[in-house]
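Undergrad: The structure follows.
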Amino acid sequence: MPLQSIELFAGAGGLALGFSEHGVAHQAVVEWNSHACQTIRRNQSAKVEPLSHWPDVTEGDVRQFQYDAFQGIDLVTGGPPCQPFSMGGKAGGFLDPRDMFPQAIRAVRETQPSAFVFENVQGLKRAAFSDYFRYILLQLEYPAFQARTNEPWMLHLARLDRHKGTRARSEYRVEWRLVNAANYGVPQKRMRIFIVGFRADLPNQYEFPSASHSQEALLLDQWGTDGLYWERHRVARRNRPVRPEGIERKLQGLLALDPAQVRLPWLTVRDAIADLPDPERRPDVELVAAHRFQPGARSYAGHTGSPLDEPAKALKAGDHGVPGGENMLRRPDGSVRYFTVRESARIQTFPDSFIFEGSWGETMRQLGNAVPVRLASVMAGSVCGHLRAARQAPPLLAVA
């Protein structure tokens with residue numbers, strides 16, 4: 001029997017797609033952005049798998065969503081809006097009306113799931129938010145220990161601290177980890193926090209999945225004796241980047257490492273899009289869906305784009321724009337252009353069959369907010385595997 005879930009803050013569906021790959025049946029998919037909802041509906045109507053098996057998306061404010069029918073569900077997952085904690089945003093944190101962590105916590109409190117997974121930006125762990133981040137984690141550990149009417153969050157935090165100090169039994173075991181998507185086979189250097197919780201009566205300690213890819217392996221692949229990366233992509237020597245300064249000493253150190261430490265090479269932008277025609281230079285580009293040239297890209301100090309032969313910078317979204325040129329490709333000759341929708345979807349590891357609704361800007365906003373599907377799948381495999389194994393083990397009689 002598949003695991004049952006509620007997907008909150010679904011966006012274009014990246015996290016939900018990853019969980020679907022591991023036998024999870026979504027019972028509700030909730031999202032407020034109309035363009036993202038249209039994207040999910042478009043793929044459902046086109047019979048794109050596994051979306052054709054998802055329920056109709058609930059378009060609306062998650063604060064109005066009712067959980068009465070989902071008591072004891074297996075999983076609650078989602079990525080609460082990241083803008084309140086984003087490095088490039090206004091960083092309003094708990095003062096930002098877009099902070100939806102209270103709603104994520106409400107979902108856990110009212111459904112009492114076996115497990116939950118929430119994703120957010122690394123800005124959540126900034127020093128300025130350290131108390132609030134601890135407050136989020138404590139509420140997820142003790143979701144039934146609610147704030148009083150009109151109680152300021154810092155007073156509630158103090159009461160939670162005292163409650164935990166009395167060795168009160170945890171309702172959930174909560175762990176968090178800052179991960180780089182590139183370390184899990186995503187062609188993008190995207191730092192994200194995952195918060196994972198399991199009901200405290202379930203046995204066994206959860207461990208986050210180990211990294212499978214590394215920068216060190218990419219350096220060996222590109223600049224080792226055989227230059228396998230360039231040969232694989234049929235890049236002539238005259239068209240390869242200049243050999244990095246000091247790379248010989250670096251390679252000597254890497255060759256001395258245990259191969260298990262090196263792992264698989266990071267995937268690069270070239271790895272992701274090499275088979276797509278250049279939309280600026282090739283007239284046959286319209287043969288590829290959602291792969292249209294977008295004019296206007298330019299490079300200047302601090303706005304340089306993503307190099308072709310490295311993982312991309314983290315795709316961005318939001319009214320603050322893309323301060324580092326994250327949504328641009330930088331070719332080896334230094335010229336730049338915007339990524340197309342299809343290229344951006346590849347970088348976020350959405351399948352080529354996936355269709356996005358909206359203008360280029362709106363679609364890039366959906367992609368910039370999405371969880372990379374491959375990273376979501378790695379996390380989902382780990383969480384679902386642990387949950388299934390825990391259910392087969394004898395239950396814990398007491399949890400301190």
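All residue names refer to the structure tokens as shown: chains lettered A, B, ... in order, residues numbered from 1 in each chain, ligands numbered from 1 in order.
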Using only C-alpha atoms, determine which residues lie at most 9 Å from stretch 19-25 of chain A, disregarding the query and same-chain residues fewer than 3 positions distant; provide the list as a PyMOL selection string.
TA: chain A and resi 1-6+14-16+50-51+53-54+75+373+376-381+384-385
Undergrad: Could you save those same residues with C-alpha atoms as a tab-separated table (two decimals), in the first residue's frame?
TA:
```
chain	number	residue	atom	x	y	z
A	1	MET	CA	0.00	0.00	0.00
A	2	PRO	CA	1.47	3.42	-0.91
A	3	LEU	CA	2.27	6.00	1.73
A	4	GLN	CA	-0.31	8.79	1.90
A	5	SER	CA	0.70	12.47	2.01
A	6	ILE	CA	-0.41	16.08	2.05
A	14	GLY	CA	9.16	19.65	-7.53
A	15	LEU	CA	9.05	18.23	-4.00
A	16	ALA	CA	5.83	16.34	-4.67
A	50	PRO	CA	2.79	10.82	-12.07
A	51	LEU	CA	0.70	14.02	-11.97
A	53	HIS	CA	-2.67	10.36	-10.37
A	54	TRP	CA	-2.58	13.44	-8.15
A	75	LEU	CA	3.42	12.34	5.58
A	373	VAL	CA	13.17	17.04	-8.41
A	376	ALA	CA	13.51	15.83	-3.60
A	377	SER	CA	13.69	12.22	-4.76
A	378	VAL	CA	16.88	11.54	-2.78
A	379	MET	CA	15.32	12.98	0.37
A	380	ALA	CA	12.05	11.16	-0.28
A	381	GLY	CA	13.78	7.83	-0.74
A	384	CYS	CA	10.11	6.83	2.99
A	385	GLY	CA	12.60	4.01	3.43
```
Undergrad: Quick one: everything within 6 Å of stretch 58-65 of chain A, counting only C-alpha atoms, minus sequence neighbours fewer than 6 positions away in the same chain. Send it as a list of chain:residue names.
TA: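 Neighbouring residues, sequence-local ones excluded: A:Val29, A:Val30, A:Glu31, A:Trp32.
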Undergrad: Store the residues of this selection in a file with N, CA and C atoms, as an mmCIF file, in the first residue's frame.
TA:
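As a result, result_11.cif now contains:
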```
data_model
loop_
_atom_site.group_PDB
_atom_site.id
_atom_site.type_symbol
_atom_site.label_atom_id
_atom_site.label_comp_id
_atom_site.auth_asym_id
_atom_site.auth_seq_id
_atom_site.Cartn_x
_atom_site.Cartn_y
_atom_site.Cartn_z
ATOM 1 N N VAL A 29 -2.932 18.439 -2.551
ATOM 2 C CA VAL A 29 -1.836 19.266 -3.057
ATOM 3 C C VAL A 29 -2.322 20.704 -2.976
ATOM 4 N N VAL A 30 -1.670 21.517 -2.144
ATOM 5 C CA VAL A 30 -2.181 22.853 -1.823
ATOM 6 C C VAL A 30 -1.185 23.910 -2.285
ATOM 7 N N GLU A 31 -1.671 24.917 -3.007
ATOM 8 C CA GLU A 31 -0.822 26.008 -3.510
ATOM 9 C C GLU A 31 -1.688 27.238 -3.765
ATOM 10 N N TRP A 32 -1.160 28.416 -3.435
ATOM 11 C CA TRP A 32 -1.960 29.637 -3.596
ATOM 12 C C TRP A 32 -1.698 30.344 -4.926
#
```
Undergrad: For a quick check of understanding, using only C-alpha atoms, which of A:Arg240, A:Arg337, A:Arg249, A:His213 has the smallest distance to A:Leu375?
TA: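 Of the candidates, the smallest distance to A:Leu375 is held by A:His213.
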Undergrad: One decimal, in Å: what's the spacing between atom CA of A:Arg109 and atom CA of A:Trp176?
TA: 18.7 Å
Undergrad: Could you produce a table of the residues of stretch 274-370 of chain A lying within 12 Å of stretch 121-140 of chain A, with the nearest pair of atoms per residue and their separation in Å rounded to one decimal, using only C-alpha atoms, ordered by chain and increasing residue number, as a tab-separated table?
TA:
```
residue	atom	partner	partner_atom	distance
A:Ala314	CA	A:Val121	CA	10.8
A:Lys316	CA	A:Val121	CA	11.2
A:Gly368	CA	A:Val121	CA	11.7
A:Asn369	CA	A:Val121	CA	10.0
A:Ala370	CA	A:Val121	CA	11.2
```
Undergrad: Please write the residues from the selection above to a file, keeping N, CA and C atoms, as a PDB file, in the first residue's frame.
TA:
```pdb
ATOM      1  N   ALA A 314      22.441  28.935  -7.967  1.00  0.00           N
ATOM      2  CA  ALA A 314      21.055  28.622  -7.606  1.00  0.00           C
ATOM      3  C   ALA A 314      20.105  29.537  -8.365  1.00  0.00           C
ATOM      4  N   LYS A 316      17.055  31.770  -9.140  1.00  0.00           N
ATOM      5  CA  LYS A 316      16.411  32.657  -8.183  1.00  0.00           C
ATOM      6  C   LYS A 316      15.020  33.058  -8.655  1.00  0.00           C
ATOM      7  N   GLY A 368      12.502  29.065  -9.998  1.00  0.00           N
ATOM      8  CA  GLY A 368      13.389  29.545  -8.955  1.00  0.00           C
ATOM      9  C   GLY A 368      12.923  29.172  -7.562  1.00  0.00           C
ATOM     10  N   ASN A 369      11.623  29.008  -7.396  1.00  0.00           N
ATOM     11  CA  ASN A 369      11.066  28.629  -6.092  1.00  0.00           C
ATOM     12  C   ASN A 369      11.003  27.122  -5.875  1.00  0.00           C
ATOM     13  N   ALA A 370      11.240  26.352  -6.926  1.00  0.00           N
ATOM     14  CA  ALA A 370      11.012  24.910  -6.864  1.00  0.00           C
ATOM     15  C   ALA A 370      12.136  24.181  -6.122  1.00  0.00           C
TER      16      ALA A 370
END
```
